[in-house]
$ cat coords27.txt   # compact mmCIF, C-alpha atoms
# COMPACT_ATOMS: atom_id res chain seq x y z
CA MET D 794 11.17 -3.90 7.01
CA ARG D 795 9.76 -7.27 7.99
CA PRO D 796 9.32 -10.36 5.81
CA ILE D 797 5.86 -11.15 4.55
CA SER D 798 4.27 -14.59 4.65
CA SER D 799 1.12 -15.82 2.97
CA PHE D 800 -2.04 -13.75 3.33
CA ARG D 801 -5.15 -13.71 1.17
CA PRO D 802 -6.64 -10.24 1.40
CA SER D 803 -10.29 -9.48 1.89
CA ILE D 804 -12.19 -7.86 -0.96
CA PRO D 805 -11.64 -4.37 0.51
CA ALA D 806 -7.94 -5.14 0.78
CA ARG D 807 -7.68 -6.21 -2.85
CA ARG D 808 -9.48 -3.33 -4.40
CA ARG D 809 -6.54 -0.91 -4.23
CA ALA D 810 -3.50 -3.15 -3.81
CA LEU D 811 -2.24 -2.81 -7.37
CA PHE D 812 1.42 -1.96 -7.49
CA SER D 813 4.27 -2.44 -9.93
CA LEU D 814 6.86 -4.93 -8.70
CA ALA D 815 9.61 -2.39 -9.24
CA ALA D 816 8.28 -0.18 -6.46
CA LEU D 817 7.44 -2.70 -3.79
CA GLY D 818 10.70 -2.44 -1.90
CA ALA D 819 10.27 1.32 -1.71
CA LEU D 820 6.59 1.94 -1.24
CA GLY D 821 5.83 -1.14 0.83
CA ALA D 822 8.27 0.23 3.33
CA LEU D 823 6.10 3.31 3.72
CA GLY D 824 4.12 1.12 6.09
CA ALA D 825 7.26 -0.53 7.52
CA LEU D 826 6.21 -3.84 5.95
CA GLY D 827 8.67 -4.03 3.11
CA ALA D 828 9.05 -6.72 0.53
CA LEU D 829 5.95 -8.69 -0.10
CA LEU D 830 5.52 -11.19 -2.64
CA ALA D 831 2.60 -13.47 -3.06
CA ALA D 832 0.53 -12.54 -6.07
CA ALA D 833 -3.21 -12.49 -5.42
CA PRO D 834 -5.98 -12.95 -7.98
CA GLY D 835 -6.67 -10.07 -10.28
CA GLY D 836 -3.10 -8.78 -10.13
CA ALA D 837 -3.35 -7.76 -6.47
CA LEU D 838 -0.39 -8.35 -4.19
CA ALA D 839 -0.90 -9.79 -0.76
CA GLN D 840 0.50 -8.66 2.54
CA ASP D 841 0.33 -10.58 5.78
CA PHE D 842 -1.19 -8.39 8.48
CA SER D 843 -2.07 -11.28 10.78
CA LYS D 844 0.74 -10.55 13.24
CA VAL D 845 0.37 -6.79 13.28
CA GLU D 846 -0.62 -5.33 16.62
CA ILE D 847 -2.16 -1.90 17.04
CA LYS D 848 -0.51 -0.30 20.06
CA ALA D 849 -1.94 2.77 21.76
CA THR D 850 0.11 5.35 23.68
CA LYS D 851 -1.83 7.85 25.76
CA LEU D 852 -0.54 11.40 25.26
CA ASN D 853 -3.01 13.25 27.49
CA ASP D 854 -6.53 12.85 28.87
CA THR D 855 -8.18 12.74 25.43
CA THR D 856 -5.45 12.01 22.89
CA TRP D 857 -3.61 8.84 21.87
CA MET D 858 -1.02 7.80 19.29
CA LEU D 859 -1.78 4.47 17.59
CA VAL D 860 0.96 2.47 15.87
CA GLY D 861 0.57 -0.63 13.72
CA ALA D 862 1.67 -1.08 10.11
CA GLY D 863 1.47 1.98 7.94
CA GLY D 864 1.33 5.58 8.96
CA ASN D 865 1.06 6.46 12.64
CA MET D 866 -2.46 7.37 13.72
CA GLY D 867 -3.80 9.99 16.10
CA LEU D 868 -6.94 9.53 18.18
CA SER D 869 -9.10 11.95 20.16
CA VAL D 870 -11.70 10.47 22.51
CA GLY D 871 -14.06 12.44 24.74
CA GLU D 872 -17.64 13.29 25.51
CA ASP D 873 -18.36 14.56 21.99
CA ALA D 874 -17.01 11.97 19.56
CA VAL D 875 -14.20 9.71 18.43
CA PHE D 876 -11.88 11.53 16.04
CA LEU D 877 -9.26 9.48 14.15
CA ILE D 878 -6.31 10.76 12.12
CA ASP D 879 -5.38 8.30 9.33
CA ASP D 880 -6.33 4.62 9.23
CA GLN D 881 -3.43 2.59 7.78
CA TYR D 882 -4.12 -0.40 5.48
CA ALA D 883 -7.58 -1.78 4.66
CA PRO D 884 -7.06 -5.25 6.21
CA LEU D 885 -6.14 -3.63 9.52
CA ALA D 886 -9.51 -1.91 9.94
CA PRO D 887 -10.86 -4.60 12.33
CA LYS D 888 -7.74 -4.40 14.49
CA ILE D 889 -7.85 -0.60 14.51
CA LYS D 890 -11.49 -0.66 15.55
CA ALA D 891 -10.70 -3.18 18.27
CA ALA D 892 -7.88 -1.00 19.60
CA ILE D 893 -10.22 1.99 19.71
CA ALA D 894 -12.94 -0.13 21.37
CA ALA D 895 -10.47 -0.91 24.16
CA ILE D 896 -10.38 2.84 24.84
CA THR D 897 -14.01 3.78 24.22
CA PRO D 898 -17.26 2.03 23.21
CA LYS D 899 -18.16 4.91 20.92
CA PRO D 900 -17.86 4.48 17.13
CA VAL D 901 -15.51 6.58 15.06
CA LYS D 902 -17.35 9.71 13.98
CA PHE D 903 -14.60 11.59 12.13
CA VAL D 904 -11.61 10.39 10.14
CA LEU D 905 -9.09 12.96 8.94
CA ASN D 906 -6.64 11.89 6.23
CA THR D 907 -3.29 13.70 6.38
CA HIS D 908 -2.70 12.80 2.68
CA PHE D 909 -3.78 10.21 0.11
CA HIS D 910 -1.19 7.40 0.33
CA PHE D 911 -2.61 3.91 0.75
CA ASP D 912 -0.90 3.23 4.07
CA HIS D 913 -2.78 6.18 5.59
CA THR D 914 -6.19 5.84 3.90
CA GLY D 915 -6.75 2.09 3.56
CA GLY D 916 -9.28 1.95 6.40
CA ASN D 917 -11.42 4.71 4.92
CA GLU D 918 -13.83 2.34 3.21
CA ALA D 919 -14.63 0.25 6.27
CA LEU D 920 -15.00 3.27 8.55
CA GLY D 921 -16.93 5.26 5.94
CA LYS D 922 -19.44 2.43 5.53
CA GLU D 923 -20.01 2.53 9.28
CA GLY D 924 -20.89 6.22 9.17
CA ALA D 925 -17.61 8.00 9.85
CA LEU D 926 -17.26 11.37 8.12
CA ILE D 927 -13.98 11.44 6.23
CA VAL D 928 -12.23 14.81 6.05
CA ALA D 929 -9.22 15.74 3.91
CA HIS D 930 -7.68 18.35 1.65
CA ASP D 931 -9.32 18.86 -1.75
CA ASN D 932 -6.38 17.19 -3.49
CA VAL D 933 -6.75 14.03 -1.40
CA ARG D 934 -10.27 13.40 -2.70
CA ARG D 935 -9.11 14.20 -6.22
CA ARG D 936 -6.25 11.70 -6.00
CA LEU D 937 -8.27 9.00 -4.26
CA SER D 938 -10.95 9.31 -6.93
CA ALA D 939 -8.62 8.22 -9.74
CA ASP D 940 -5.70 5.87 -10.27
CA GLN D 941 -2.41 7.38 -9.11
CA LEU D 942 1.16 6.63 -10.09
CA ILE D 943 3.42 7.15 -7.07
CA SER D 944 6.96 7.76 -8.26
CA PHE D 945 9.96 6.79 -6.20
CA ALA D 946 13.53 7.41 -7.37
CA GLY D 947 13.01 5.98 -10.84
CA ASN D 948 10.39 3.39 -9.90
CA SER D 949 6.66 3.78 -9.62
CA ALA D 950 3.64 2.13 -8.04
CA ARG D 951 0.03 2.31 -9.07
CA GLN D 952 -2.50 3.15 -6.39
CA ALA D 953 -5.88 2.28 -7.80
CA ALA D 954 -8.89 4.56 -7.41
CA SER D 955 -10.87 4.18 -4.18
CA PRO D 956 -14.56 3.26 -4.02
CA LYS D 957 -17.10 5.90 -3.09
CA ALA D 958 -17.30 4.86 0.58
CA ALA D 959 -13.58 5.54 1.01
CA LEU D 960 -13.64 9.07 -0.38
CA PRO D 961 -13.57 12.16 1.85
CA VAL D 962 -17.02 13.70 2.16
CA ILE D 963 -15.69 16.97 3.59
CA THR D 964 -12.75 18.60 1.81
CA VAL D 965 -10.99 21.88 2.34
CA PRO D 966 -8.59 23.93 0.20
CA GLY D 967 -6.73 25.23 3.23
CA ASN D 968 -7.63 24.99 6.91
CA ILE D 969 -10.39 23.52 9.05
CA SER D 970 -11.06 23.53 12.79
CA PHE D 971 -12.93 21.03 14.96
CA HIS D 972 -14.26 22.01 18.37
CA ILE D 973 -14.47 18.60 19.93
CA ASN D 974 -13.77 16.76 23.18
CA GLY D 975 -12.91 20.00 24.95
CA GLU D 976 -10.29 20.80 22.30
CA GLU D 977 -9.78 23.13 19.40
CA VAL D 978 -8.29 20.89 16.74
CA HIS D 979 -6.84 22.94 13.90
CA ALA D 980 -5.85 21.22 10.65
CA PHE D 981 -3.90 23.32 8.18
CA HIS D 982 -2.60 22.72 4.68
CA VAL D 983 1.12 22.87 3.97
CA PRO D 984 1.54 23.22 0.20
CA ALA D 985 3.96 21.15 -1.87
CA ALA D 986 5.44 19.30 1.12
CA HIS D 987 5.25 15.48 1.20
CA THR D 988 2.46 15.70 -1.42
CA ASP D 989 0.12 18.42 -2.66
CA GLY D 990 -2.59 17.53 -0.15
CA ASP D 991 -0.92 17.43 3.27
CA LEU D 992 -2.83 18.51 6.36
CA ILE D 993 -1.01 18.97 9.67
CA VAL D 994 -3.24 18.61 12.74
CA HIS D 995 -2.70 20.68 15.89
CA PHE D 996 -4.50 19.85 19.12
CA LYS D 997 -4.14 23.29 20.65
CA GLY D 998 -5.28 22.53 24.18
CA GLY D 999 -3.53 19.19 24.47
CA ASP D 1000 -0.31 20.47 22.85
CA VAL D 1001 -0.11 17.62 20.33
CA VAL D 1002 0.70 17.86 16.62
CA HIS D 1003 0.19 15.14 14.00
CA MET D 1004 2.38 15.82 10.95
CA GLY D 1005 1.60 12.87 8.70
CA ASP D 1006 4.36 11.97 6.27
CA VAL D 1007 5.72 15.49 6.21
CA PHE D 1008 7.78 14.19 9.13
CA PHE D 1009 9.72 10.90 9.15
CA ASN D 1010 11.33 10.80 12.59
CA GLY D 1011 14.91 9.51 12.52
CA SER D 1012 15.35 8.80 8.82
CA TYR D 1013 15.55 10.41 5.42
CA PRO D 1014 12.04 11.36 4.28
CA PHE D 1015 10.07 10.17 1.28
CA ILE D 1016 9.28 13.22 -0.85
CA ASP D 1017 6.54 12.30 -3.33
CA VAL D 1018 7.52 14.77 -6.03
CA GLY D 1019 5.26 13.13 -8.61
CA SER D 1020 2.29 13.85 -6.34
CA GLY D 1021 3.17 17.50 -5.79
CA GLY D 1022 5.72 17.22 -2.98
CA SER D 1023 8.99 19.14 -2.75
CA PRO D 1024 11.96 19.39 -0.37
CA LEU D 1025 11.59 23.15 -0.05
CA GLY D 1026 7.91 22.75 0.83
CA MET D 1027 8.83 20.24 3.52
CA ILE D 1028 11.31 22.66 5.07
CA ALA D 1029 8.65 25.38 5.05
CA ALA D 1030 6.23 22.98 6.77
CA PHE D 1031 8.81 22.17 9.46
CA ASP D 1032 9.29 25.87 10.08
CA ARG D 1033 5.58 26.38 10.48
CA VAL D 1034 5.28 23.63 13.09
CA LEU D 1035 8.44 24.72 14.90
CA ALA D 1036 6.91 28.19 15.25
CA LEU D 1037 3.83 26.84 17.07
CA ALA D 1038 5.49 24.04 19.07
CA GLY D 1039 6.83 24.39 22.58
CA GLU D 1040 9.41 22.36 24.44
CA LYS D 1041 6.70 20.00 25.78
CA THR D 1042 4.76 19.61 22.53
CA LYS D 1043 4.23 15.97 21.54
CA ILE D 1044 4.68 15.49 17.80
CA ILE D 1045 3.31 12.42 16.00
CA PRO D 1046 5.31 11.73 12.84
CA GLY D 1047 3.95 9.83 9.86
CA HIS D 1048 6.60 7.18 10.53
CA GLY D 1049 8.97 6.68 13.43
CA PRO D 1050 8.63 7.13 17.19
CA LEU D 1051 6.80 9.92 18.99
CA ALA D 1052 8.86 13.10 18.76
CA ASP D 1053 9.31 16.49 20.36
CA LYS D 1054 10.33 19.91 19.09
CA ALA D 1055 14.04 19.10 19.38
CA ALA D 1056 13.64 16.01 17.18
CA LEU D 1057 11.73 18.01 14.60
CA GLN D 1058 14.41 20.72 14.65
CA ARG D 1059 17.12 18.11 14.03
CA THR D 1060 15.19 16.75 11.06
CA ARG D 1061 14.61 20.22 9.67
CA ASP D 1062 18.28 21.12 10.01
CA MET D 1063 19.38 17.88 8.35
CA LEU D 1064 17.05 18.41 5.41
CA ALA D 1065 17.92 22.10 4.97
CA THR D 1066 21.66 21.36 5.08
CA LEU D 1067 21.47 18.55 2.54
CA VAL D 1068 19.13 20.40 0.19
CA ALA D 1069 21.59 23.32 0.16
CA ARG D 1070 24.48 20.95 -0.59
CA ILE D 1071 22.63 19.20 -3.38
CA GLN D 1072 21.56 22.54 -4.88
CA ALA D 1073 25.18 23.68 -4.83
CA GLU D 1074 26.32 20.50 -6.60
CA ARG D 1075 23.70 20.95 -9.30
CA ARG D 1076 24.70 24.60 -9.85
CA THR D 1077 28.18 23.42 -10.87
CA GLY D 1078 26.60 21.77 -13.88
CA LYS D 1079 26.84 18.20 -12.65
CA THR D 1080 24.40 15.60 -13.87
CA ASP D 1081 22.16 13.81 -11.38
CA GLU D 1082 24.46 10.79 -11.56
CA GLN D 1083 27.47 12.97 -10.77
CA VAL D 1084 25.68 14.61 -7.85
CA ARG D 1085 24.84 11.21 -6.40
CA ALA D 1086 28.44 10.07 -6.93
CA ALA D 1087 29.68 13.08 -4.96
CA LYS D 1088 27.99 11.63 -1.85
CA PRO D 1089 26.67 14.92 -0.43
CA THR D 1090 24.97 13.06 2.43
CA ALA D 1091 27.99 11.00 3.52
CA ASP D 1092 28.42 12.53 6.97
CA PHE D 1093 24.67 12.16 7.70
CA ASP D 1094 24.16 8.62 6.44
CA ALA D 1095 25.04 6.74 9.62
CA ALA D 1096 22.38 8.62 11.57
CA TRP D 1097 19.72 9.16 8.90
CA GLY D 1098 20.31 6.66 6.09
CA GLN D 1099 19.31 3.47 7.88
CA GLY D 1100 15.59 3.67 7.06
CA PHE D 1101 13.95 2.51 3.86
CA ILE D 1102 15.09 5.66 2.01
CA LYS D 1103 18.74 5.01 1.23
CA PRO D 1104 21.23 7.86 0.71
CA ASP D 1105 21.40 7.74 -3.09
CA GLN D 1106 17.62 7.49 -3.27
CA PHE D 1107 17.22 10.47 -0.99
CA VAL D 1108 19.63 12.55 -3.10
CA GLN D 1109 17.66 11.70 -6.22
CA LEU D 1110 14.35 12.56 -4.56
CA VAL D 1111 15.74 15.97 -3.62
CA LEU D 1112 17.07 16.49 -7.15
CA ASN D 1113 13.69 15.55 -8.59
CA GLY D 1114 12.00 18.11 -6.35
CA LEU D 1115 14.31 21.06 -6.85
CA PRO D 1116 13.65 23.71 -9.50
CA LYS D 1117 15.76 23.10 -12.59
$ encode --input "coords27.txt" --output "structure tokens"
Amino acid sequence: MRPISSFRPSIPARRRALFSLAALGALGALGALGALLAAAPGGALAQDFSKVEIKATKLNDTTWMLVGAGGNMGLSVGEDAVFLIDDQYAPLAPKIKAAIAAITPKPVKFVLNTHFHFDHTGGNEALGKEGALIVAHDNVRRRLSADQLISFAGNSARQAASPKAALPVITVPGNISFHINGEEVHAFHVPAAHTDGDLIVHFKGGDVVHMGDVFFNGSYPFIDVGSGGSPLGMIAAFDRVLALAGEKTKIIPGHGPLADKAALQRTRDMLATLVARIQAERRTGKTDEQVRAAKPTADFDAAWGQGFIKPDQFVQLVLNGLPK
């Protein structure tokens, strides 16, 4: 998490930046920006994106991973069109477009949102106004169309409804395929994982998978239980990707560095082990406070608890997402 200096957001940036102060330390970190603090007019809170750089890593002849502030992006560029997966925060739209323009002069034709969180969908409005077709799960449009309360371990943040230009124009209840740039790009829904609207994107020919926030590489994950996520659903999603991935598959996580199948397996095993432990603690009749006090993650914390999700927070997220 990096400190934030003064920044006065553009009108598109302000229109959805309404959060409760209690959640800023948690949800701001979803974009690896952390504590921000200058209050903007109208109750909006300002973030300084002036020093953010959008860095592109080429994965194969047509596919790139883009990293800036917010969720990692995927990009497919070829003779057919420019296809973008997620678009970070609204103020970063010009920088994202500039990074894409350094790769291709073509405009973005398709944007696929892996889920609805503001650090993955903030650029929708700018790109939608320029003609990009925004694609997402049905639940993403539903959530973007109305104010949302994103709960985090006892705190919450309000994500205000998006304007029409930012809404997905193509939505699916399950799966969708794109035949583009010499690729078959298959996006499939994983229910009740990070949220209730997660799409995982598989570039079949290029052997690349974008997992959105279902996968935090190298840290405890954020499970948005209040928005339909669950730890068991995340484990099921990991299993589905592990079944299609090979040893050379490149896996783009929602947050963290580019991964491979082995890294995904380690994350899956960590989560499955800790969910089983936490379930066992609850079955003894312990309260949530007592389960947290038992420190079921202690031997994993050095490796996994150094991200923005701290061990006690992670335990509570799992408890919130387990059946009573």
$ closest_atom_pairs --input "coords27.txt" --of "region 893-1002 of chain D" --to "region 1028-1039 of chain D" --cutoff "8 Å" --atoms "only C-alpha atoms" --output "JSON lines"
{"residue": "D:Val983", "atom": "CA", "partner": "D:Ala1030", "partner_atom": "CA", "distance": 5.8}
{"residue": "D:Ala986", "atom": "CA", "partner": "D:Ala1030", "partner_atom": "CA", "distance": 6.8}
{"residue": "D:Asp1000", "atom": "CA", "partner": "D:Ala1038", "partner_atom": "CA", "distance": 7.8}
$ atom_distance --input "coords27.txt" --atom1 "CA of Val1002 (chain D)" --atom2 "CA of His908 (chain D)"
15.2 Å
$ residues_around --input "coords27.txt" --residues "Ile889 (chain D)" --least-positions-apart "3" --cutoff "12 Å" --atoms "only C-alpha atoms" --output "ChimeraX atom specification"
/D:842,845-849,858-863,865-868,877-886,892-896,900-901,915-917,919-920
$ closest_residue --input "coords27.txt" --among "D:Lys1103, D:Lys1043, D:Arg1075, D:Lys997" --to "His979 (chain D)" --atoms "all atoms listed in the file"
D:Lys997
$ atom_distance --input "coords27.txt" --atom1 "CA of Gln941 (chain D)" --atom2 "CA of Met1004 (chain D)"
22.3 Å
$ closest_residue --input "coords27.txt" --among "D:His1048, D:His930, D:Arg951, D:Lys957" --to "Ile993 (chain D)" --atoms "all atoms listed in the file"
D:His930
$ residues_around --input "coords27.txt" --residues "Ser970 (chain D)" --least-positions-apart "2" --cutoff "9 Å" --atoms "only C-alpha atoms" --output "PyMOL selection string"
chain D and resi 968+972+977-981
$ build_atoms --input "coords27.txt" --residues "region 867-902 of chain D" --atoms "N, CA and C atoms" --output "PDB file, in the frame of the given file"
ATOM      1  N   GLY D 867      -3.452   9.199  14.935  1.00  0.00           N
ATOM      2  CA  GLY D 867      -3.800   9.990  16.100  1.00  0.00           C
ATOM      3  C   GLY D 867      -5.246   9.725  16.463  1.00  0.00           C
ATOM      4  N   LEU D 868      -5.583   9.820  17.734  1.00  0.00           N
ATOM      5  CA  LEU D 868      -6.940   9.530  18.180  1.00  0.00           C
ATOM      6  C   LEU D 868      -7.331  10.503  19.278  1.00  0.00           C
ATOM      7  N   SER D 869      -8.512  11.117  19.120  1.00  0.00           N
ATOM      8  CA  SER D 869      -9.100  11.950  20.160  1.00  0.00           C
ATOM      9  C   SER D 869     -10.399  11.306  20.614  1.00  0.00           C
ATOM     10  N   VAL D 870     -10.523  11.106  21.929  1.00  0.00           N
ATOM     11  CA  VAL D 870     -11.700  10.470  22.510  1.00  0.00           C
ATOM     12  C   VAL D 870     -12.198  11.331  23.662  1.00  0.00           C
ATOM     13  N   GLY D 871     -13.489  11.637  23.666  1.00  0.00           N
ATOM     14  CA  GLY D 871     -14.060  12.440  24.740  1.00  0.00           C
ATOM     15  C   GLY D 871     -15.565  12.372  24.723  1.00  0.00           C
ATOM     16  N   GLU D 872     -16.185  13.332  25.376  1.00  0.00           N
ATOM     17  CA  GLU D 872     -17.640  13.290  25.510  1.00  0.00           C
ATOM     18  C   GLU D 872     -18.354  13.545  24.186  1.00  0.00           C
ATOM     19  N   ASP D 873     -17.689  14.198  23.236  1.00  0.00           N
ATOM     20  CA  ASP D 873     -18.360  14.560  21.990  1.00  0.00           C
ATOM     21  C   ASP D 873     -18.318  13.457  20.931  1.00  0.00           C
ATOM     22  N   ALA D 874     -17.136  12.906  20.672  1.00  0.00           N
ATOM     23  CA  ALA D 874     -17.010  11.970  19.560  1.00  0.00           C
ATOM     24  C   ALA D 874     -15.636  11.323  19.557  1.00  0.00           C
ATOM     25  N   VAL D 875     -15.497  10.336  18.685  1.00  0.00           N
ATOM     26  CA  VAL D 875     -14.200   9.710  18.430  1.00  0.00           C
ATOM     27  C   VAL D 875     -13.677  10.269  17.106  1.00  0.00           C
ATOM     28  N   PHE D 876     -12.498  10.834  17.171  1.00  0.00           N
ATOM     29  CA  PHE D 876     -11.880  11.530  16.040  1.00  0.00           C
ATOM     30  C   PHE D 876     -10.561  10.830  15.741  1.00  0.00           C
ATOM     31  N   LEU D 877     -10.428  10.269  14.533  1.00  0.00           N
ATOM     32  CA  LEU D 877      -9.260   9.480  14.150  1.00  0.00           C
ATOM     33  C   LEU D 877      -8.491  10.173  13.040  1.00  0.00           C
ATOM     34  N   ILE D 878      -7.166  10.207  13.171  1.00  0.00           N
ATOM     35  CA  ILE D 878      -6.310  10.760  12.120  1.00  0.00           C
ATOM     36  C   ILE D 878      -5.598   9.590  11.438  1.00  0.00           C
ATOM     37  N   ASP D 879      -5.906   9.377  10.176  1.00  0.00           N
ATOM     38  CA  ASP D 879      -5.380   8.300   9.330  1.00  0.00           C
ATOM     39  C   ASP D 879      -5.838   6.935   9.808  1.00  0.00           C
ATOM     40  N   ASP D 880      -5.767   5.936   8.899  1.00  0.00           N
ATOM     41  CA  ASP D 880      -6.330   4.620   9.230  1.00  0.00           C
ATOM     42  C   ASP D 880      -5.595   3.466   8.553  1.00  0.00           C
ATOM     43  N   GLN D 881      -4.337   3.658   8.203  1.00  0.00           N
ATOM     44  CA  GLN D 881      -3.430   2.590   7.780  1.00  0.00           C
ATOM     45  C   GLN D 881      -3.988   1.788   6.596  1.00  0.00           C
ATOM     46  N   TYR D 882      -3.728   0.459   6.592  1.00  0.00           N
ATOM     47  CA  TYR D 882      -4.120  -0.400   5.480  1.00  0.00           C
ATOM     48  C   TYR D 882      -5.505  -0.985   5.682  1.00  0.00           C
ATOM     49  N   ALA D 883      -6.212  -1.271   4.583  1.00  0.00           N
ATOM     50  CA  ALA D 883      -7.580  -1.780   4.660  1.00  0.00           C
ATOM     51  C   ALA D 883      -7.726  -3.031   5.527  1.00  0.00           C
ATOM     52  N   PRO D 884      -6.859  -4.047   5.402  1.00  0.00           N
ATOM     53  CA  PRO D 884      -7.060  -5.250   6.210  1.00  0.00           C
ATOM     54  C   PRO D 884      -6.915  -5.026   7.710  1.00  0.00           C
ATOM     55  N   LEU D 885      -6.325  -3.902   8.103  1.00  0.00           N
ATOM     56  CA  LEU D 885      -6.140  -3.630   9.520  1.00  0.00           C
ATOM     57  C   LEU D 885      -7.339  -2.952  10.168  1.00  0.00           C
ATOM     58  N   ALA D 886      -8.361  -2.633   9.390  1.00  0.00           N
ATOM     59  CA  ALA D 886      -9.510  -1.910   9.940  1.00  0.00           C
ATOM     60  C   ALA D 886     -10.114  -2.632  11.159  1.00  0.00           C
ATOM     61  N   PRO D 887     -10.316  -3.953  11.126  1.00  0.00           N
ATOM     62  CA  PRO D 887     -10.860  -4.600  12.330  1.00  0.00           C
ATOM     63  C   PRO D 887      -9.956  -4.451  13.549  1.00  0.00           C
ATOM     64  N   LYS D 888      -8.659  -4.538  13.360  1.00  0.00           N
ATOM     65  CA  LYS D 888      -7.740  -4.400  14.490  1.00  0.00           C
ATOM     66  C   LYS D 888      -7.717  -2.959  15.001  1.00  0.00           C
ATOM     67  N   ILE D 889      -7.808  -2.003  14.096  1.00  0.00           N
ATOM     68  CA  ILE D 889      -7.850  -0.600  14.510  1.00  0.00           C
ATOM     69  C   ILE D 889      -9.112  -0.331  15.312  1.00  0.00           C
ATOM     70  N   LYS D 890     -10.235  -0.849  14.818  1.00  0.00           N
ATOM     71  CA  LYS D 890     -11.490  -0.660  15.550  1.00  0.00           C
ATOM     72  C   LYS D 890     -11.444  -1.328  16.914  1.00  0.00           C
ATOM     73  N   ALA D 891     -10.809  -2.493  16.989  1.00  0.00           N
ATOM     74  CA  ALA D 891     -10.700  -3.180  18.270  1.00  0.00           C
ATOM     75  C   ALA D 891      -9.827  -2.395  19.245  1.00  0.00           C
ATOM     76  N   ALA D 892      -8.748  -1.798  18.734  1.00  0.00           N
ATOM     77  CA  ALA D 892      -7.880  -1.000  19.600  1.00  0.00           C
ATOM     78  C   ALA D 892      -8.614   0.232  20.122  1.00  0.00           C
ATOM     79  N   ILE D 893      -9.437   0.834  19.273  1.00  0.00           N
ATOM     80  CA  ILE D 893     -10.220   1.990  19.710  1.00  0.00           C
ATOM     81  C   ILE D 893     -11.290   1.548  20.712  1.00  0.00           C
ATOM     82  N   ALA D 894     -11.898   0.372  20.461  1.00  0.00           N
ATOM     83  CA  ALA D 894     -12.940  -0.130  21.370  1.00  0.00           C
ATOM     84  C   ALA D 894     -12.384  -0.424  22.757  1.00  0.00           C
ATOM     85  N   ALA D 895     -11.081  -0.698  22.841  1.00  0.00           N
ATOM     86  CA  ALA D 895     -10.470  -0.910  24.160  1.00  0.00           C
ATOM     87  C   ALA D 895     -10.345   0.391  24.934  1.00  0.00           C
ATOM     88  N   ILE D 896     -10.459   1.521  24.217  1.00  0.00           N
ATOM     89  CA  ILE D 896     -10.380   2.840  24.840  1.00  0.00           C
ATOM     90  C   ILE D 896     -11.763   3.421  25.089  1.00  0.00           C
ATOM     91  N   THR D 897     -12.668   3.211  24.129  1.00  0.00           N
ATOM     92  CA  THR D 897     -14.010   3.780  24.220  1.00  0.00           C
ATOM     93  C   THR D 897     -14.995   2.888  23.462  1.00  0.00           C
ATOM     94  N   PRO D 898     -16.244   2.791  23.947  1.00  0.00           N
ATOM     95  CA  PRO D 898     -17.260   2.030  23.210  1.00  0.00           C
ATOM     96  C   PRO D 898     -17.867   2.809  22.049  1.00  0.00           C
ATOM     97  N   LYS D 899     -17.560   4.075  21.954  1.00  0.00           N
ATOM     98  CA  LYS D 899     -18.160   4.910  20.920  1.00  0.00           C
ATOM     99  C   LYS D 899     -17.568   4.583  19.540  1.00  0.00           C
ATOM    100  N   PRO D 900     -18.380   4.687  18.492  1.00  0.00           N
ATOM    101  CA  PRO D 900     -17.860   4.480  17.130  1.00  0.00           C
ATOM    102  C   PRO D 900     -17.069   5.683  16.659  1.00  0.00           C
ATOM    103  N   VAL D 901     -16.263   5.469  15.645  1.00  0.00           N
ATOM    104  CA  VAL D 901     -15.510   6.580  15.060  1.00  0.00           C
ATOM    105  C   VAL D 901     -16.466   7.479  14.291  1.00  0.00           C
ATOM    106  N   LYS D 902     -16.458   8.755  14.633  1.00  0.00           N
ATOM    107  CA  LYS D 902     -17.350   9.710  13.980  1.00  0.00           C
ATOM    108  C   LYS D 902     -16.648  10.498  12.885  1.00  0.00           C
TER     109      LYS D 902
END
